[in-house]
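**Student:** query.cif is reproduced in full below (mmCIF, C-alpha atoms).
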```
data_upload
loop_
_atom_site.group_PDB
_atom_site.id
_atom_site.type_symbol
_atom_site.label_atom_id
_atom_site.label_comp_id
_atom_site.auth_asym_id
_atom_site.auth_seq_id
_atom_site.Cartn_x
_atom_site.Cartn_y
_atom_site.Cartn_z
ATOM 1 C CA TYR A 1 145.899 -40.473 -53.943
ATOM 2 C CA VAL A 2 146.645 -38.460 -50.780
ATOM 3 C CA GLN A 3 143.894 -38.018 -48.213
ATOM 4 C CA ALA A 4 144.200 -35.313 -45.559
ATOM 5 C CA LEU A 5 141.623 -35.560 -42.801
ATOM 6 C CA ASP A 6 140.602 -33.146 -40.074
ATOM 7 C CA SER A 7 136.813 -33.489 -39.903
ATOM 8 C CA ILE A 8 133.775 -35.461 -41.065
ATOM 9 C CA ASP A 9 133.573 -32.924 -43.919
ATOM 10 C CA ASP A 10 136.992 -34.134 -45.110
ATOM 11 C CA LEU A 11 135.516 -37.634 -45.456
ATOM 12 C CA LEU A 12 132.946 -36.091 -47.763
ATOM 13 C CA GLN A 13 135.699 -34.503 -49.868
ATOM 14 C CA TYR A 14 137.278 -37.924 -50.506
ATOM 15 C CA SER A 15 133.918 -39.176 -51.739
ATOM 16 C CA SER A 16 133.489 -36.089 -53.938
ATOM 17 C CA ASP A 17 136.939 -36.487 -55.534
ATOM 18 C CA THR A 18 136.321 -40.126 -56.458
ATOM 19 C CA ASP A 19 133.495 -42.342 -57.726
ATOM 20 C CA LEU A 20 132.343 -45.487 -55.953
ATOM 21 C CA ARG A 21 131.340 -48.116 -58.536
ATOM 22 C CA MET A 22 129.317 -50.893 -56.913
ATOM 23 C CA ILE A 23 130.190 -54.398 -58.058
ATOM 24 C CA GLU A 24 128.052 -56.357 -55.584
ATOM 25 C CA ARG A 25 124.939 -55.707 -53.473
ATOM 26 C CA GLY A 26 122.871 -57.819 -51.108
ATOM 27 C CA THR A 27 122.738 -58.737 -47.450
ATOM 28 C CA VAL A 28 125.143 -60.480 -45.108
ATOM 29 C CA THR A 29 124.565 -62.230 -41.804
ATOM 30 C CA HIS A 30 127.451 -61.532 -39.462
ATOM 31 C CA ARG A 31 129.362 -64.522 -38.080
ATOM 32 C CA VAL A 32 131.749 -64.065 -35.158
ATOM 33 C CA GLY A 33 135.329 -63.871 -36.429
ATOM 34 C CA ALA A 34 134.350 -63.811 -40.113
ATOM 35 C CA VAL A 35 135.444 -60.194 -40.554
ATOM 36 C CA PRO A 36 137.607 -58.877 -37.712
ATOM 37 C CA GLY A 37 136.564 -55.483 -36.401
ATOM 38 C CA LEU A 38 132.875 -55.536 -37.313
ATOM 39 C CA PRO A 39 131.029 -54.358 -34.207
ATOM 40 C CA PHE A 40 127.532 -55.664 -34.829
ATOM 41 C CA PRO A 41 126.147 -58.788 -33.123
ATOM 42 C CA ALA A 42 126.555 -62.266 -34.584
ATOM 43 C CA GLY A 43 123.452 -63.432 -36.381
ATOM 44 C CA GLU A 44 122.357 -59.920 -37.361
ATOM 45 C CA THR A 45 121.719 -59.392 -41.088
ATOM 46 C CA TRP A 46 122.896 -56.080 -42.578
ATOM 47 C CA VAL A 47 122.704 -54.562 -46.053
ATOM 48 C CA PHE A 48 126.010 -55.277 -47.779
ATOM 49 C CA ALA A 49 127.708 -53.810 -50.840
ATOM 50 C CA VAL A 50 131.155 -53.941 -52.409
ATOM 51 C CA GLY A 51 132.499 -51.166 -54.567
ATOM 52 C CA LEU A 52 135.665 -49.939 -56.230
ATOM 53 C CA ARG A 53 136.570 -46.275 -55.770
ATOM 54 C CA HIS A 54 138.173 -44.544 -58.786
ATOM 55 C CA ARG A 55 139.552 -41.104 -59.496
ATOM 56 C CA PRO A 56 137.962 -39.604 -62.629
ATOM 57 C CA GLY A 57 139.771 -40.824 -65.727
ATOM 58 C CA ASP A 58 141.850 -43.432 -63.866
ATOM 59 C CA ALA A 59 141.234 -47.087 -64.701
ATOM 60 C CA GLN A 60 143.051 -48.351 -61.587
ATOM 61 C CA PRO A 61 140.933 -48.252 -58.441
ATOM 62 C CA VAL A 62 142.093 -46.269 -55.408
ATOM 63 C CA CYS A 63 140.443 -48.768 -53.085
ATOM 64 C CA LEU A 64 137.991 -51.582 -52.629
ATOM 65 C CA THR A 65 135.263 -50.823 -50.092
ATOM 66 C CA ARG A 66 132.876 -53.162 -48.340
ATOM 67 C CA VAL A 67 129.904 -51.303 -46.895
ATOM 68 C CA TYR A 68 127.585 -52.592 -44.190
ATOM 69 C CA LEU A 69 124.358 -50.680 -43.512
ATOM 70 C CA ASN A 70 122.138 -50.955 -40.464
ATOM 71 C CA PRO A 71 119.153 -53.228 -41.273
ATOM 72 C CA ASP A 72 116.821 -50.276 -40.562
ATOM 73 C CA PHE A 73 118.068 -48.791 -43.853
ATOM 74 C CA ARG A 74 117.461 -51.857 -46.058
ATOM 75 C CA SER A 75 115.229 -49.857 -48.413
ATOM 76 C CA ILE A 76 118.270 -47.817 -49.474
ATOM 77 C CA ALA A 77 119.983 -50.839 -51.071
ATOM 78 C CA ARG A 78 118.493 -50.097 -54.498
ATOM 79 C CA ARG A 79 120.017 -46.585 -54.352
ATOM 80 C CA LEU A 80 123.580 -47.896 -53.994
ATOM 81 C CA LEU A 81 124.513 -47.088 -57.569
ATOM 82 C CA PRO A 82 127.798 -45.631 -58.829
ATOM 83 C CA ARG A 83 128.138 -42.432 -56.823
ATOM 84 C CA SER A 84 130.287 -39.587 -55.688
ATOM 85 C CA VAL A 85 127.958 -38.726 -52.776
ATOM 86 C CA PRO A 86 128.929 -40.543 -49.568
ATOM 87 C CA ILE A 87 126.582 -43.336 -48.517
ATOM 88 C CA TYR A 88 126.255 -41.862 -45.029
ATOM 89 C CA GLN A 89 124.920 -38.667 -46.640
ATOM 90 C CA LEU A 90 122.365 -40.741 -48.548
ATOM 91 C CA ILE A 91 121.245 -42.230 -45.210
ATOM 92 C CA GLU A 92 121.025 -38.764 -43.649
ATOM 93 C CA ASP A 93 118.985 -37.398 -46.564
ATOM 94 C CA HIS A 94 116.519 -40.302 -46.784
ATOM 95 C CA PHE A 95 116.053 -41.220 -43.135
ATOM 96 C CA GLY A 96 116.470 -37.910 -41.327
ATOM 97 C CA VAL A 97 119.292 -39.139 -39.101
ATOM 98 C CA LYS A 98 122.622 -37.366 -38.684
ATOM 99 C CA VAL A 99 126.070 -38.840 -38.308
ATOM 100 C CA SER A 100 127.306 -37.454 -34.995
ATOM 101 C CA ARG A 101 130.683 -39.174 -34.923
ATOM 102 C CA VAL A 102 132.914 -41.430 -36.962
ATOM 103 C CA GLU A 103 135.363 -43.864 -35.395
ATOM 104 C CA GLN A 104 138.259 -44.749 -37.644
ATOM 105 C CA ARG A 105 140.672 -47.637 -37.315
ATOM 106 C CA ILE A 106 143.727 -47.919 -39.555
ATOM 107 C CA LEU A 107 145.330 -51.325 -39.953
ATOM 108 C CA ALA A 108 148.017 -52.944 -42.066
ATOM 109 C CA SER A 109 146.807 -55.716 -44.331
ATOM 110 C CA ALA A 110 147.876 -58.065 -47.111
ATOM 111 C CA LEU A 111 145.509 -58.404 -50.054
ATOM 112 C CA SER A 112 143.693 -61.672 -50.684
ATOM 113 C CA ARG A 113 143.674 -63.117 -54.197
ATOM 114 C CA ALA A 114 140.166 -61.784 -54.929
ATOM 115 C CA ASP A 115 140.922 -58.319 -53.532
ATOM 116 C CA ALA A 116 144.240 -58.105 -55.423
ATOM 117 C CA LEU A 117 142.498 -59.022 -58.693
ATOM 118 C CA ALA A 118 139.769 -56.420 -58.125
ATOM 119 C CA LEU A 119 142.381 -53.784 -57.266
ATOM 120 C CA GLN A 120 144.619 -54.746 -60.217
ATOM 121 C CA THR A 121 147.681 -55.387 -58.073
ATOM 122 C CA LYS A 122 149.802 -58.281 -56.798
ATOM 123 C CA LEU A 123 148.552 -61.084 -54.569
ATOM 124 C CA ALA A 124 149.402 -60.465 -50.905
ATOM 125 C CA ALA A 125 150.511 -56.899 -51.732
ATOM 126 C CA PRO A 126 150.563 -54.625 -48.687
ATOM 127 C CA ALA A 127 147.484 -52.484 -48.174
ATOM 128 C CA LEU A 128 146.107 -49.960 -45.772
ATOM 129 C CA ARG A 129 142.787 -51.078 -44.291
ATOM 130 C CA ILE A 130 140.587 -48.250 -43.046
ATOM 131 C CA LEU A 131 137.588 -49.314 -41.003
ATOM 132 C CA ARG A 132 135.106 -46.492 -40.378
ATOM 133 C CA LEU A 133 132.132 -46.754 -38.045
ATOM 134 C CA TYR A 134 129.471 -44.091 -38.530
ATOM 135 C CA TYR A 135 127.326 -43.413 -35.463
ATOM 136 C CA GLY A 136 124.177 -41.368 -35.043
ATOM 137 C CA ASP A 137 122.534 -40.042 -31.925
ATOM 138 C CA GLY A 138 122.397 -42.419 -28.984
ATOM 139 C CA ASP A 139 125.459 -44.299 -30.284
ATOM 140 C CA ARG A 140 123.344 -46.023 -32.933
ATOM 141 C CA LEU A 141 125.611 -47.644 -35.520
ATOM 142 C CA LEU A 142 124.397 -46.505 -38.949
ATOM 143 C CA GLU A 143 127.100 -47.714 -41.323
ATOM 144 C CA VAL A 144 130.436 -49.481 -41.418
ATOM 145 C CA SER A 145 132.856 -49.039 -44.310
ATOM 146 C CA ASP A 146 135.828 -51.358 -44.626
ATOM 147 C CA SER A 147 138.257 -50.123 -47.295
ATOM 148 C CA LEU A 148 141.457 -51.628 -48.657
ATOM 149 C CA HIS A 149 143.949 -49.260 -50.300
ATOM 150 C CA PRO A 150 146.952 -50.718 -52.169
ATOM 151 C CA ALA A 151 150.056 -49.314 -50.487
ATOM 152 C CA GLU A 152 151.568 -47.969 -53.711
ATOM 153 C CA ARG A 153 148.432 -45.931 -54.553
ATOM 154 C CA PHE A 154 147.377 -44.284 -51.319
ATOM 155 C CA THR A 155 148.810 -41.989 -48.661
ATOM 156 C CA TYR A 156 146.974 -40.950 -45.538
ATOM 157 C CA ALA A 157 148.158 -37.575 -44.238
ATOM 158 C CA MET A 158 147.278 -35.900 -40.950
ATOM 159 C CA THR A 159 148.373 -32.728 -39.242
ATOM 160 C CA ILE A 160 148.142 -32.915 -35.482
ATOM 161 C CA ARG A 161 148.449 -29.755 -33.438
ATOM 162 C CA ARG A 162 148.974 -29.334 -29.748
ATOM 163 C CA ALA A 163 145.832 -28.082 -28.000
ATOM 164 C CA GLY A 164 146.018 -24.331 -27.717
ATOM 165 C CA ALA A 165 148.818 -24.086 -30.294
ATOM 166 C CA GLY A 166 149.033 -20.638 -31.761
ATOM 167 C CA ALA A 167 147.806 -18.951 -28.597
ATOM 168 C CA SER A 168 150.280 -16.719 -26.826
ATOM 169 C CA SER A 169 152.021 -18.333 -23.883
ATOM 170 C CA LYS A 170 152.901 -16.620 -20.623
#
```
As structure tokens, please, write out the structure in this file.
**Tutor:**
Amino acid sequence: YVQALDSIDDLLQYSSDTDLRMIERGTVTHRVGAVPGLPFPAGETWVFAVGLRHRPGDAQPVCLTRVYLNPDFRSIARRLLPRSVPIYQLIEDHFGVKVSRVEQRILASALSRADALALQTKLAAPALRILRLYYGDGDRLLEVSDSLHPAERFTYAMTIRRAGAGASSK
């Protein structure tokens, strides 16, 4: 799978091209250091789900995603069924909030035994970890998605242009 990304709408396209099949749902209380990169305070309990993202007709998952939802959205947990609509869009539709920005962090990772089994690949295989933080107005953190993509199944492509490129120069 190749993902090209220029805007929040491109995130939506990835979700539309694949299905997220939930394999676990519940809550999690954040402990400092338990999951590096999670920006919410220790001791806070968030809605938690784990899913495998598949392309239609492909038995091998593209990625494993752990989703953390702001506790204000706990009533949405029962709606986290297999889906092609992004979870952040579900939050927007049901709670009347809008995602104003998404921070994305891309990291190298090696798959744990459990993650490798779920992703149908080798233990400690290289993976691309994409951590996305979805913020609403007032810098309110709405959702965090933490996805692991096996290296042999995923490419992340970007085109970066110089500001003002294409304009005539003097």
**Student:** Which residues come within 6 Å of range 141-153 of chain A, counting only C-alpha atoms, excluding same-chain residues fewer than 5 positions away, as a PyMOL selection string?
**Tutor:** chain A and resi 63-70+126-135
**Student:** Using all atoms listed in the file, which of the listed residues (A:Pro61, A:Pro39, A:Pro71, A:Pro56) sits closest to Gly26 in chain A?
**Tutor:**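 Going through A:Pro61, A:Pro39, A:Pro71, A:Pro56 one by one, the smallest distance to Gly26 in chain A is for A:Pro71.
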**Student:** Please compute the CA of Ala125 in chain A-CA of Pro36 in chain A distance, one decimal, in Å.
**Tutor:** 19.2 Å
**Student:** Quick one: of A:Gly136, A:Ala108, A:Glu103, A:Thr159, who's nearest to Gln89 in chain A, counting all atoms listed in the file?
**Tutor:**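 The closest residue to Gln89 in chain A is A:Gly136.
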**Student:** CA of Ile106 in chain A to CA of Gly37 in chain A: how many Å, to one decimal?
**Tutor:** 10.9 Å
**Student:** Any idea what's packed within 10 Å of Thr29 in chain A, counting all atoms listed in the file, ignoring anything in its chain fewer than 3 positions away? Could you give it as a VMD selection string?
**Tutor:** chain A and resid 32 41 to 48
**Student:** I'd like to know which of A:Arg25, A:Arg53, A:Arg162, A:Arg101 is closest to Ala118 in chain A, using all atoms listed in the file.
**Tutor:**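 For Ala118 in chain A, the nearest of the candidates is A:Arg53.
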**Student:** Would you mind telling me which residue in A:Ile91, A:Met22, A:Met158, A:Leu52 lies nearest to Leu117 in chain A when using all atoms listed in the file?
**Tutor:**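 The shortest atom-to-atom distance to Leu117 in chain A comes from A:Leu52.
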**Student:** Measuring between all atoms listed in the file, which one of A:Leu90, A:Val99, A:Ala59, A:Leu123 shows the shortest distance to Arg78 in chain A?
**Tutor:**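 So, comparing all the options, the nearest one is A:Leu90.
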**Student:** Which value, in Å to one decimal, gives the distance between CA of His94 in chain A and CA of Glu24 in chain A?
**Tutor:**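 CA of Glu24 in chain A lies 21.6 Å from CA of His94 in chain A.
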**Student:** Counting only C-alpha atoms, which of A:Gly51, A:Asp93, A:Leu111, A:Ala77 gets nearest to Leu20 in chain A?
**Tutor:** A:Gly51
